[in-house]
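Pasted below: start-v3.pdb, PDB, C-alpha atoms.
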ATOM      1  CA  MET A 252     -15.988  31.175 -10.924
ATOM      2  CA  LYS A 253     -13.010  30.621 -13.213
ATOM      3  CA  LEU A 254     -10.926  29.418 -10.240
ATOM      4  CA  LEU A 255     -13.649  26.948  -9.270
ATOM      5  CA  LYS A 256     -13.856  25.646 -12.848
ATOM      6  CA  CYS A 257     -10.070  25.155 -12.959
ATOM      7  CA  ARG A 258     -10.125  23.307  -9.634
ATOM      8  CA  LEU A 259     -12.910  21.035 -10.861
ATOM      9  CA  LEU A 260     -10.962  20.260 -14.041
ATOM     10  CA  PHE A 261      -7.730  19.727 -12.114
ATOM     11  CA  ILE A 262      -9.370  17.315  -9.668
ATOM     12  CA  GLY A 263     -12.182  15.907 -11.790
ATOM     13  CA  ILE A 264     -10.304  14.837 -14.919
ATOM     14  CA  PRO A 265      -7.774  12.598 -13.114
ATOM     15  CA  LEU A 266     -10.620  11.004 -11.145
ATOM     16  CA  LEU A 267     -12.573  10.495 -14.334
ATOM     17  CA  ILE A 268      -9.565   8.919 -16.019
ATOM     18  CA  LEU A 269      -9.050   6.557 -13.067
ATOM     19  CA  ALA A 270     -12.702   5.590 -13.253
ATOM     20  CA  GLY A 271     -12.392   4.919 -16.996
ATOM     21  CA  GLY A 272     -14.873   7.564 -18.041
ATOM     22  CA  THR A 273     -14.798   9.985 -20.933
ATOM     23  CA  VAL A 274     -13.161  13.363 -20.998
ATOM     24  CA  PRO A 275     -15.410  15.981 -22.613
ATOM     25  CA  GLY A 276     -13.912  17.781 -25.553
ATOM     26  CA  ASP A 277     -14.802  19.270 -28.914
ATOM     27  CA  GLY A 278     -15.652  15.858 -30.365
ATOM     28  CA  GLY A 279     -18.238  14.969 -27.727
ATOM     29  CA  GLY A 280     -15.834  13.064 -25.521
ATOM     30  CA  VAL A 281     -12.656  11.051 -25.808
ATOM     31  CA  GLN A 282     -12.363   7.681 -24.138
ATOM     32  CA  ALA A 283      -9.675   7.864 -21.468
ATOM     33  CA  GLU A 284      -7.286   5.047 -20.653
ATOM     34  CA  VAL A 285      -8.360   2.928 -17.737
ATOM     35  CA  ALA A 286      -5.793   2.765 -14.957
ATOM     36  CA  ILE A 287      -5.538  -0.777 -13.619
ATOM     37  CA  PRO A 288      -4.081  -0.957 -10.122
ATOM     38  CA  THR A 289      -1.221  -3.441  -9.788
ATOM     39  CA  VAL A 290      -3.152  -5.245  -7.053
ATOM     40  CA  THR A 291      -6.064  -6.164  -9.333
ATOM     41  CA  GLY A 292      -6.869  -9.855  -9.033
ATOM     42  CA  LEU A 293      -4.562 -10.357  -6.056
ATOM     43  CA  ASP A 294      -5.874 -13.035  -3.677
ATOM     44  CA  PHE A 295      -4.985 -11.389  -0.370
ATOM     45  CA  ASP A 296      -5.467 -14.657   1.519
ATOM     46  CA  LYS A 297      -2.254 -15.778  -0.223
ATOM     47  CA  VAL A 298      -0.305 -12.678   0.807
ATOM     48  CA  GLU A 299       2.109 -12.950   3.699
ATOM     49  CA  PHE A 300       2.311  -9.798   5.829
ATOM     50  CA  VAL A 301       5.693  -8.925   7.339
ATOM     51  CA  LEU A 302       6.348  -6.042   9.735
ATOM     52  CA  TRP A 303       9.803  -4.614  10.437
ATOM     53  CA  THR A 304       9.868  -2.277  13.422
ATOM     54  CA  GLN A 305      11.242  -1.850  16.914
ATOM     55  CA  HIS A 306      11.135  -5.150  18.776
ATOM     56  CA  GLU A 307       9.222  -3.816  21.795
ATOM     57  CA  TYR A 308       6.359  -2.579  19.587
ATOM     58  CA  HIS A 309       6.287  -5.357  16.983
ATOM     59  CA  ASP A 310       3.518  -7.582  18.381
ATOM     60  CA  GLN A 311       1.172  -4.696  19.142
ATOM     61  CA  LEU A 312       1.654  -3.084  15.710
ATOM     62  CA  TYR A 313       1.407  -6.430  13.893
ATOM     63  CA  ALA A 314      -1.922  -7.207  15.593
ATOM     64  CA  ARG A 315      -3.158  -3.713  14.699
ATOM     65  CA  ALA A 316      -2.284  -4.276  11.032
ATOM     66  CA  ILE A 317      -3.954  -7.709  10.851
ATOM     67  CA  GLU A 318      -7.093  -6.243  12.440
ATOM     68  CA  GLN A 319      -7.192  -3.509   9.773
ATOM     69  CA  PHE A 320      -6.932  -6.088   6.989
ATOM     70  CA  ARG A 321      -9.733  -8.120   8.597
ATOM     71  CA  LYS A 322     -12.006  -5.084   9.035
ATOM     72  CA  ALA A 323     -11.413  -4.088   5.422
ATOM     73  CA  GLY A 324     -12.413  -7.594   4.295
ATOM     74  CA  LEU A 325      -9.074  -8.427   2.671
ATOM     75  CA  TYR A 326      -8.722 -11.696   4.572
ATOM     76  CA  SER A 327     -11.702 -13.891   3.775
ATOM     77  CA  ARG A 328     -10.401 -17.446   4.307
ATOM     78  CA  THR A 329      -7.375 -16.934   6.570
ATOM     79  CA  ASP A 330      -6.555 -14.622   9.418
ATOM     80  CA  GLY A 331      -3.207 -13.605   7.972
ATOM     81  CA  THR A 332      -1.145 -14.774  10.908
ATOM     82  CA  GLU A 333       0.247 -17.993   9.487
ATOM     83  CA  THR A 334       2.924 -18.394   6.827
ATOM     84  CA  HIS A 335       1.280 -19.612   3.658
ATOM     85  CA  GLN A 336       2.611 -22.645   1.810
ATOM     86  CA  ASP A 337       0.948 -21.301  -1.312
ATOM     87  CA  LYS A 338       1.806 -17.642  -0.814
ATOM     88  CA  ILE A 339       2.012 -15.631  -3.986
ATOM     89  CA  ALA A 340       3.203 -12.320  -2.555
ATOM     90  CA  THR A 341       4.673 -10.636   0.492
ATOM     91  CA  LEU A 342       3.464  -7.288   1.809
ATOM     92  CA  THR A 343       6.232  -5.768   3.923
ATOM     93  CA  LEU A 344       5.780  -2.722   6.136
ATOM     94  CA  ALA A 345       9.024  -1.265   7.457
ATOM     95  CA  LEU A 346       8.808   1.321  10.219
ATOM     96  CA  ASP A 347      12.561   1.449  10.637
ATOM     97  CA  VAL A 348      14.067   3.354  13.575
ATOM     98  CA  THR A 349      17.883   3.278  13.513
ATOM     99  CA  PRO A 350      20.365   5.128  15.735
ATOM    100  CA  LEU A 351      22.318   7.611  13.595
ATOM    101  CA  ASP A 352      25.643   6.592  15.108
ATOM    102  CA  GLU A 353      27.231   5.420  18.310
ATOM    103  CA  THR A 354      28.346   8.928  19.313
ATOM    104  CA  SER A 355      24.768  10.261  19.254
ATOM    105  CA  PRO A 356      22.593   7.518  20.757
ATOM    106  CA  ALA A 357      19.731  10.011  21.244
ATOM    107  CA  LYS A 358      19.426  10.750  17.492
ATOM    108  CA  PHE A 359      17.569   8.398  15.183
ATOM    109  CA  MET A 360      16.876   8.011  11.484
ATOM    110  CA  TYR A 361      13.269   7.008  10.805
ATOM    111  CA  LYS A 362      12.211   5.508   7.464
ATOM    112  CA  LYS A 363       8.827   4.124   6.532
ATOM    113  CA  LYS A 364       8.034   1.953   3.530
ATOM    114  CA  LEU A 365       5.250  -0.416   2.441
ATOM    115  CA  GLU A 366       5.946  -2.777  -0.468
ATOM    116  CA  LEU A 367       4.168  -5.624  -2.178
ATOM    117  CA  ARG A 368       6.652  -8.089  -3.672
ATOM    118  CA  GLU A 369       5.551 -10.781  -6.118
ATOM    119  CA  GLU A 370       7.115 -13.324  -8.425
ATOM    120  CA  VAL A 371       7.175 -11.902 -11.940
ATOM    121  CA  ILE A 372       7.377 -13.862 -15.177
ATOM    122  CA  PRO A 373       8.114 -11.779 -18.300
ATOM    123  CA  THR A 374       5.888 -12.697 -21.242
ATOM    124  CA  ARG A 375       8.822 -12.475 -23.651
ATOM    125  CA  ASN A 376      10.729 -15.160 -21.698
ATOM    126  CA  PRO A 377       8.468 -17.250 -19.437
ATOM    127  CA  LYS A 378      11.421 -19.402 -18.298
ATOM    128  CA  VAL A 379      12.710 -16.430 -16.302
ATOM    129  CA  HIS A 380      11.219 -15.873 -12.837
ATOM    130  CA  PHE A 381      12.207 -13.138 -10.417
ATOM    131  CA  SER A 382      10.859 -11.257  -7.435
ATOM    132  CA  ALA A 383       9.848  -7.632  -7.946
ATOM    133  CA  VAL A 384       8.081  -4.851  -6.114
ATOM    134  CA  THR A 385       4.678  -4.398  -7.758
ATOM    135  CA  TRP A 386       3.230  -1.804  -5.358
ATOM    136  CA  SER A 387       5.102   0.623  -3.123
ATOM    137  CA  LEU A 388       4.574   3.544  -0.783
ATOM    138  CA  ALA A 389       7.515   5.140   1.016
ATOM    139  CA  SER A 390       8.573   8.351   2.684
ATOM    140  CA  GLN A 391      10.685  10.455   0.332
ATOM    141  CA  GLU A 392      13.587  10.838   2.730
ATOM    142  CA  PRO A 393      14.501   9.452   6.130
ATOM    143  CA  ILE A 394      13.598  11.664   9.072
ATOM    144  CA  SER A 395      16.217  12.618  11.643
ATOM    145  CA  THR A 396      14.562  12.745  15.063
ATOM    146  CA  ASP A 397      15.223  12.577  18.781
ATOM    147  CA  ARG A 398      12.654   9.832  19.276
ATOM    148  CA  VAL A 399       9.855   7.929  17.609
ATOM    149  CA  THR A 400       6.860   7.236  19.822
ATOM    150  CA  LEU A 401       4.478   4.315  19.700
ATOM    151  CA  GLU A 402       1.719   6.757  18.760
ATOM    152  CA  GLN A 403       3.720   7.981  15.760
ATOM    153  CA  LEU A 404       4.356   4.397  14.666
ATOM    154  CA  LYS A 405       0.622   3.615  14.986
ATOM    155  CA  ASP A 406      -0.322   6.707  12.973
ATOM    156  CA  ASP A 407       2.170   5.881  10.231
ATOM    157  CA  LEU A 408       1.039   2.245  10.131
ATOM    158  CA  ASP A 409      -2.604   3.346   9.867
ATOM    159  CA  GLN A 410      -1.894   5.840   7.074
ATOM    160  CA  MET A 411       0.211   3.480   5.010
ATOM    161  CA  LEU A 412      -2.181   0.546   5.334
ATOM    162  CA  TYR A 413      -5.107   2.836   4.499
ATOM    163  CA  GLN A 414      -3.400   3.722   1.193
ATOM    164  CA  PHE A 415      -2.796   0.058   0.374
ATOM    165  CA  ILE A 416      -6.321  -1.009   1.316
ATOM    166  CA  LEU A 417      -7.759   1.823  -0.798
ATOM    167  CA  ALA A 418      -5.667   0.763  -3.813
ATOM    168  CA  TYR A 419      -6.619  -2.882  -3.239
ATOM    169  CA  LYS A 420     -10.326  -2.098  -3.116
ATOM    170  CA  MET A 421     -10.074   0.054  -6.242
ATOM    171  CA  GLY A 422      -8.511  -2.893  -8.072
ATOM    172  CA  ASN A 423     -10.830  -5.493  -6.534
ATOM    173  CA  PRO A 424     -14.276  -3.888  -6.206
ATOM    174  CA  SER A 425     -15.960  -7.196  -5.313
ATOM    175  CA  LYS A 426     -14.015  -7.126  -1.999
ATOM    176  CA  ASN A 427     -15.850  -3.877  -1.116
ATOM    177  CA  ASN A 428     -19.053  -5.806  -0.491
ATOM    178  CA  ASN A 429     -17.566  -8.590   1.677
ATOM    179  CA  LYS A 430     -16.832  -6.837   4.972
ATOM    180  CA  LYS A 431     -16.665  -3.285   6.176
TER     181      LYS A 431
END
Just give me the structure as structure tokens.
Amino acid sequence: MKLLKCRLLFIGIPLLILAGGTVPGDGGGVQAEVAIPTVTGLDFDKVEFVLWTQHEYHDQLYARAIEQFRKAGLYSRTDGTETHQDKIATLTLALDVTPLDETSPAKFMYKKKLELREEVIPTRNPKVHFSAVTWSLASQEPISTDRVTLEQLKDDLDQMLYQFILAYKMGNPSKNNNKK
């Protein structure tokens, strides 16, 4: 029973904090800080999606990604395939497969990274503008492998986009009702 209670506290309190609820305590509850995802208020129709991967798989993986964004309801006015004149951010997915060196052409280094890059204007100096990563998900270290299959690339694309879409919907709950 004690183990179950500890697990519930370990899992439940962070979820409660993310939801902006109260944490029970001696004083009847303490208001927790509300975590605001960095994608809150982001108009995804103004986000350009860029995919870096092996040339022979690019078109198939790009179409798969756009379809996931459509199904999740992130694109409501555009289909995400054109470059936006009024883009406000770039979401870049890199599924990078690089030969380790010329002496071992059968060994590859595989890195995966998903980043949202936006123009940032510091409040202390609004004349300064720069590009910065405002949301990121990446593998901790590159993987050394003999090969990377299309199926592995699809799985990694699906997992990484799922994490982004989940974060986006947490920060933009009104998008949850648009499309499933």
Within 10 Å of Leu404 (chain A) using only C-alpha atoms, minus same-chain residues under 4 positions, as a PyMOL selection string | chain A and resi 304-305+308+312+346-348+363+399-400+408-410
Any idea what the distance is between CA of Thr374 (chain A) and CA of Ser387 (chain A)?
-> 22.5 Å
Length of the CA of Leu344 (chain A) to CA of Trp303 (chain A) vector [Å] | 6.2 Å
When the PyMOL selection byres ((chain A and resi 398) around 10) is applied to the file above, which residues end up in the set, as a list of chain:residue names?
-> A:Val348, A:Pro350, A:Ala357, A:Lys358, A:Phe359, A:Met360, A:Tyr361, A:Ser395, A:Thr396, A:Asp397, A:Val399, A:Thr400, A:Leu401, A:Gln403
Store the residues picked out above, limited to C-alpha atoms, as a PDB file, in the frame of the given file.
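Here's the written file again-v4.pdb:
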ATOM      1  CA  VAL A 348      14.067   3.354  13.575  1.00  0.00           C
ATOM      2  CA  PRO A 350      20.365   5.128  15.735  1.00  0.00           C
ATOM      3  CA  ALA A 357      19.731  10.011  21.244  1.00  0.00           C
ATOM      4  CA  LYS A 358      19.426  10.750  17.492  1.00  0.00           C
ATOM      5  CA  PHE A 359      17.569   8.398  15.183  1.00  0.00           C
ATOM      6  CA  MET A 360      16.876   8.011  11.484  1.00  0.00           C
ATOM      7  CA  TYR A 361      13.269   7.008  10.805  1.00  0.00           C
ATOM      8  CA  SER A 395      16.217  12.618  11.643  1.00  0.00           C
ATOM      9  CA  THR A 396      14.562  12.745  15.063  1.00  0.00           C
ATOM     10  CA  ASP A 397      15.223  12.577  18.781  1.00  0.00           C
ATOM     11  CA  VAL A 399       9.855   7.929  17.609  1.00  0.00           C
ATOM     12  CA  THR A 400       6.860   7.236  19.822  1.00  0.00           C
ATOM     13  CA  LEU A 401       4.478   4.315  19.700  1.00  0.00           C
ATOM     14  CA  GLN A 403       3.720   7.981  15.760  1.00  0.00           C
TER      15      GLN A 403
END
Of the listed residues A:Asp296, A:Glu392, A:Asp407, A:Glu402, that which approaches Arg328 (chain A) most closely, counting only C-alpha atoms =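 Of A:Asp296, A:Glu392, A:Asp407, A:Glu402, the one nearest Arg328 (chain A), counting only C-alpha atoms, is A:Asp296.
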Take CA of Thr291 (chain A) and CA of Lys364 (chain A) and report the distance between them in Å, one decimal.
->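 Result for CA of Thr291 (chain A) versus CA of Lys364 (chain A): 20.7 Å, one decimal.
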Can you list what the PyMOL selection byres ((chain A and resi 365-368) around 8) grabs from this structure, as a VMD selection string?
-> chain A and resid 340 to 345 363 to 364 369 to 370 382 to 389 411
Care to translate the PyMOL selection byres ((chain A and resi 315) around 12) into actual residues of this file, as number ranges by chain?
-> A: 302, 308-314, 316-322, 331-332, 404-409, 412
Restricting the calculation to only C-alpha atoms, which member of A:Asp294, A:Asp352, A:Asn376, A:Ser390 is positioned closest to Gly324 (chain A)?
->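 For Gly324 (chain A), the nearest of the candidates is A:Asp294.
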